[in-house]
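**Q** Supplied in structure tokens, the structure appears directly below.
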Amino acid sequence: MSEGPNGASPRLALVDGLRGYALMGLFLVHMLEYFELYWAHPNPTPVTTAVFTLFMGKTFSLLALCFGFSFFVMMDGAARRGQPFAGRFTWRLVLLALIGVLHGLVYRGDIIVVLALAGFVLIPFDKVRSNRVLLLVAAVCFLQPYILLWIVAGNAGAPWAPAKPHFFSDPAMAVYLSGDIGQVLQANLWDGQVNKWWFFIETGRCVQVLGLFLVGLVLGRVGFFADPGRFRRGRLVALAVAALVAAVCHVVKAKTTGHESGPVFWTNMLAGGWFDLSCMAASVLIFVQLWRAGGERVLRALVPVGRMTLSLYVGQSLVFIPLFYPLGLGLYARMTPGLALAIGLAAVVAQLLLAAAWFKAFHYGPLEWLWRCGTRLSFDIPFRRGPESRTA
């Protein structure tokens with residue numbers, strides 16, 4: 001398959017662009033969160049509300065969707081070559097989880113390890129040939145059985161149902177606000193990770209990730225991104241449905257906010273998750289439509305960052321944790337949402353330019369290359385581009 005600009009396959013350029021959009025949106029969320037320090041004393045402003053409404057929960061979900069699609073691409077490619085890939089993919093996930101664990105020592109909000117561990121569940125589902133069955137399982141995941149259980153139990157008067165979620169207790173935050181680098185690393189080794197995993201479990205994000213993986217797998221099978229022209233009418237119908245669901249969920253969220261436990265709290269949590277999913281679906285559909293309607297020339301700027309998502313995601317933490325946290329410059333204490341957004345937007349531009357320049361000289365992002373070498377247990381994988389490919 002021939003390569004497009006920056007070495008991207010024409011077939012995958014759309015997905016790389018989507019992945020790049022997701023990464024940049026997630027980065028802006030992290031900036032407005034001051035890489036989680038915001039939640040020590042949350043103070044909503046029009047800036048934080050706008051960024052969180054546009055990107056929080058949506059871009060993370062989009063990354064999970066793209067992960068499921070990438071799984072399809074790898075497994076389908078191996079099947080076409082007549083090569084079993086499940087074992088290599090398992091090893092690939094082990095390496096990704098290791099990267100996530102190491103990154104989690106710096107930034108406890110790491111999602112790499114979450115995606116990697118959930119990815120193991122994809123392997124047996126690849127043997128399910130019925131797309132309807134996969135979509136049914138995904139729908140059950142999106143219904144959030146865990147949250148529904150809390151709602152039903154609360155309405156039934158179960159004595160344990162009024163308890164506050166575990167992730168409301170966050171002993172690591174005090175360390176982030178005053179600790180040195182050794183104390184922060186120690187907090188991230190246990191307390192920070194426990195809090196994160198409770199958050200992913202109790203908000204339903206773990207099962208949501210699995211559902212998104214399965215949807216991404218099905219989208220790959222049916223050629224949704226490879227031949228988007230076939231789905232023009234379906235996209236318009238899906239966009240209308242997504243917009244309607246988002247509107248209803250937004251109203252429910254507004255009417256159920258302000259509670260910290262009980263059925264009303266969990267109803268708010270459920271509506272929030274569905275709002276994020278429907279907005280994510282709408283963003284995908286709009287992105288594809290814009291790409292096909294002449295916006296590809298502009299949106300292609302996101303393709304390079306989408307091809308080095310792992311390197312940039314880790315790099316963002318390595319740069320901004322020392323800037324925001326007291327273990328470094330401690331700018332959190334003097335930061336405002338407007339300033340954080342301005343710095344974030346400037347950093348987005350910098351990452352777009354960096355990624356575009358990078359792929360003129362290299363085939364892969366640095367962590368992507370190491371990950372590929374580790375998967376194949378060989379460093380005999382081209383990293384630098386030769387003179388011919390640079391001028392092609």
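Just remember, in the structure tokens the first chain shown is A, the second B, etc., residues are 1-based per chain, and ligands are 1-based in the order shown.
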Excluding Val29 of chain A and any residue of its chain fewer than 4 positions from it, enumerate the residues within 9 Å of it, using only C-alpha atoms, and give them as a VMD selection string.

**A** chain A and resid 24 to 25 33 to 35 48 51 to 52 55 to 56

**Q** Kindly export the residues of the current selection with C-alpha atoms, as a short mmCIF file (atom, residue, chain, number, x, y, z; two decimals), in the first residue's frame.

**A**
data_model
loop_
_atom_site.label_atom_id
_atom_site.label_comp_id
_atom_site.auth_asym_id
_atom_site.auth_seq_id
_atom_site.Cartn_x
_atom_site.Cartn_y
_atom_site.Cartn_z
CA MET A 24 -5.01 17.37 21.18
CA GLY A 25 -8.46 17.63 22.76
CA GLU A 33 -7.04 20.42 34.90
CA TYR A 34 -3.44 21.54 35.55
CA PHE A 35 -2.70 17.84 35.12
CA THR A 48 -13.16 25.41 32.03
CA VAL A 51 -13.20 22.98 27.35
CA PHE A 52 -14.59 20.25 29.60
CA PHE A 55 -13.49 17.47 25.15
CA MET A 56 -13.67 15.84 28.60
#

**Q** For segment 72-85 of chain A, please output as a list of chain:residue names all residues within 10 Å (counting only C-alpha atoms; exclusion window: fewer than 6 positions along the same chain).

**A**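 With the cut-off at 10 Å, the set is A:Leu12, A:Cys66, A:Trp91, A:Leu122, A:Ile123, A:Asp126, A:Phe213, A:Leu214, A:Gly216, A:Leu217, A:Val218, A:Leu219, A:Gly220, A:Arg221.
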
**Q** So that I can check the surroundings of Pro171 of chain A, please list as number ranges by chain every protein, DNA and RNA residue that reaches within 12 Å of it, counting only C-alpha atoms and ignoring chain neighbours fewer than 6 positions away.

**A** A: 40, 177, 184, 187-188, 190-196

**Q** Go ahead and write the residues just picked, N, CA, C and O atoms, as a short mmCIF file (atom, residue, chain, number, x, y, z; two decimals), in the first residue's frame.

**A**
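Full text of part.cif as output:
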data_model
loop_
_atom_site.label_atom_id
_atom_site.label_comp_id
_atom_site.auth_asym_id
_atom_site.auth_seq_id
_atom_site.Cartn_x
_atom_site.Cartn_y
_atom_site.Cartn_z
N ALA A 40 -8.15 19.68 43.21
CA ALA A 40 -7.96 19.95 44.64
C ALA A 40 -8.91 21.04 45.11
O ALA A 40 -9.46 20.98 46.22
N LEU A 177 0.26 18.50 45.91
CA LEU A 177 0.23 19.93 46.17
C LEU A 177 1.42 20.44 46.97
O LEU A 177 1.64 21.65 47.05
N VAL A 184 6.07 12.40 45.28
CA VAL A 184 5.08 12.27 44.21
C VAL A 184 5.19 10.91 43.54
O VAL A 184 4.17 10.25 43.26
N ALA A 187 3.64 8.41 45.82
CA ALA A 187 2.18 8.50 45.83
C ALA A 187 1.59 7.89 44.57
O ALA A 187 0.55 7.22 44.60
N ASN A 188 2.27 8.12 43.44
CA ASN A 188 1.78 7.58 42.18
C ASN A 188 1.95 6.07 42.09
O ASN A 188 1.29 5.42 41.28
N TRP A 190 1.10 3.95 44.39
CA TRP A 190 -0.02 3.22 44.98
C TRP A 190 -1.28 4.07 45.14
O TRP A 190 -2.27 3.84 44.46
N ASP A 191 -1.24 5.09 46.03
CA ASP A 191 -2.46 5.85 46.32
C ASP A 191 -3.06 6.48 45.07
O ASP A 191 -4.29 6.45 44.88
N GLY A 192 -2.22 7.07 44.25
CA GLY A 192 -2.72 7.70 43.03
C GLY A 192 -3.35 6.70 42.08
O GLY A 192 -4.40 6.96 41.47
N GLN A 193 -2.73 5.52 41.96
CA GLN A 193 -3.26 4.50 41.06
C GLN A 193 -4.57 3.91 41.59
O GLN A 193 -5.50 3.64 40.82
N VAL A 194 -4.66 3.70 42.91
CA VAL A 194 -5.89 3.18 43.49
C VAL A 194 -7.05 4.13 43.22
O VAL A 194 -8.15 3.72 42.82
N ASN A 195 -6.79 5.42 43.42
CA ASN A 195 -7.84 6.42 43.17
C ASN A 195 -8.25 6.42 41.70
O ASN A 195 -9.44 6.50 41.37
N LYS A 196 -7.27 6.32 40.81
CA LYS A 196 -7.58 6.33 39.38
C LYS A 196 -8.43 5.13 39.00
O LYS A 196 -9.43 5.25 38.26
#

**Q** What are the closest atom pairs, with distances in Å to one decimal, for all residues of segment 349-388 of chain A lying within 9 Å of segment 300-306 of chain A? Consider only C-alpha atoms, order rows by chain and residue number, and present the result as a tab-separated table.

**A**
residue	atom	partner	partner_atom	distance
A:Gln351	CA	A:Val305	CA	7.1
A:Leu352	CA	A:Val305	CA	6.2
A:Leu353	CA	A:Ala301	CA	8.6
A:Leu354	CA	A:Val305	CA	8.5
A:Ala355	CA	A:Pro304	CA	5.3
A:Ala356	CA	A:Pro304	CA	5.6
A:Ala357	CA	A:Pro304	CA	8.9
A:Trp358	CA	A:Pro304	CA	8.4
A:Phe359	CA	A:Pro304	CA	7.1

**Q** Please provide as a CSV table (one decimal) with all heavy atoms, in the first residue's frame all residues within 9 Å of Arg292 of chain A, with the sequence filter that same-chain residues fewer than 5 positions apart are discarded (counting only C-alpha atoms).

**A**
chain,number,residue,atom,x,y,z
A,228,PRO,N,-15.8,5.6,3.3
A,228,PRO,CA,-16.8,6.3,4.0
A,228,PRO,C,-18.0,6.7,3.1
A,228,PRO,O,-19.1,7.0,3.6
A,228,PRO,CB,-16.1,7.5,4.6
A,228,PRO,CG,-14.8,7.7,3.8
A,228,PRO,CD,-14.5,6.3,3.4
A,229,GLY,N,-17.7,6.8,1.8
A,229,GLY,CA,-18.8,7.2,0.9
A,229,GLY,C,-20.0,6.3,0.9
A,229,GLY,O,-21.1,6.7,0.7
A,287,PHE,N,-16.4,14.9,11.8
A,287,PHE,CA,-15.0,14.9,11.3
A,287,PHE,C,-15.0,14.2,10.0
A,287,PHE,O,-14.3,14.7,9.0
A,287,PHE,CB,-14.1,14.2,12.3
A,287,PHE,CG,-12.6,14.4,12.1
A,287,PHE,CD1,-11.9,15.3,12.7
A,287,PHE,CD2,-12.0,13.6,11.1
A,287,PHE,CE1,-10.5,15.5,12.5
A,287,PHE,CE2,-10.6,13.7,10.9
A,287,PHE,CZ,-9.9,14.6,11.6

**Q** Find, counting only C-alpha atoms, the residue in A:Val215, A:Ala118, A:Val207, A:Ile147 that gets nearest to Met269 of chain A.

**A**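 Among A:Val215, A:Ala118, A:Val207, A:Ile147, it is A:Ile147 that comes nearest to Met269 of chain A.
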
**Q** What is the distance, in Å and to one decimal place, between atom CA of Phe71 of chain A and atom CA of Arg297 of chain A?

**A**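 Spanning atom CA of Phe71 of chain A to atom CA of Arg297 of chain A is a straight-line distance of 26.9 Å.
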
**Q** With only C-alpha atoms as the counted atoms, please give the residues lying no more than 8 Å from Val113 of chain A, apart from itself and same-chain residues fewer than 5 positions off, as a ChimeraX atom specification.

**A** /A:96-101

**Q** Need to verify the contact set: Ile343 of chain A, 10 Å, only C-alpha atoms, exclusion of same-chain residues closer than 4 positions in sequence. Can you return it as an NGL selection string?

**A** :A and (28 or 31-32 or 337-339 or 347-348)

**Q** So, with only C-alpha atoms as the atoms that count, which of A:His166, A:Arg307, A:Lys58, A:His30 lies closest to Ser283 of chain A?

**A**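 Nearest to Ser283 of chain A: A:Lys58.
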
**Q** Between atom CA of Arg376 of chain A and atom CA of Phe89 of chain A, what is the distance, to one decimal in Å?

**A**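 Answer for the atom CA of Arg376 of chain A to atom CA of Phe89 of chain A separation: 10.4 Å.
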
**Q** For Asp16 of chain A, which residue among A:Thr257, A:Thr203, A:Val298, A:Ser70 is the nearest when counting only C-alpha atoms?

**A** A:Ser70

**Q** Can you check which residues of segment 132-380 of chain A DSSP gives as alpha helix (DSSP H) on the backbone and send them as a ChimeraX atom specification?

**A** /A:132-142,145-155,172-178,181-189,191-202,205-222,232-256,262-290,296-299,303-307,309-324,337-361,366-376

**Q** Separation of atom CA of Val245 of chain A and atom CA of Leu143 of chain A, in Å?

**A**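 Separation between atom CA of Val245 of chain A and atom CA of Leu143 of chain A: 13.4 Å.
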
**Q** Closest to Leu54 of chain A among A:Ser278, A:Leu318, A:Glu36, A:Gly68, using only C-alpha atoms?

**A**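 Closest residue, counting only C-alpha atoms: A:Ser278.
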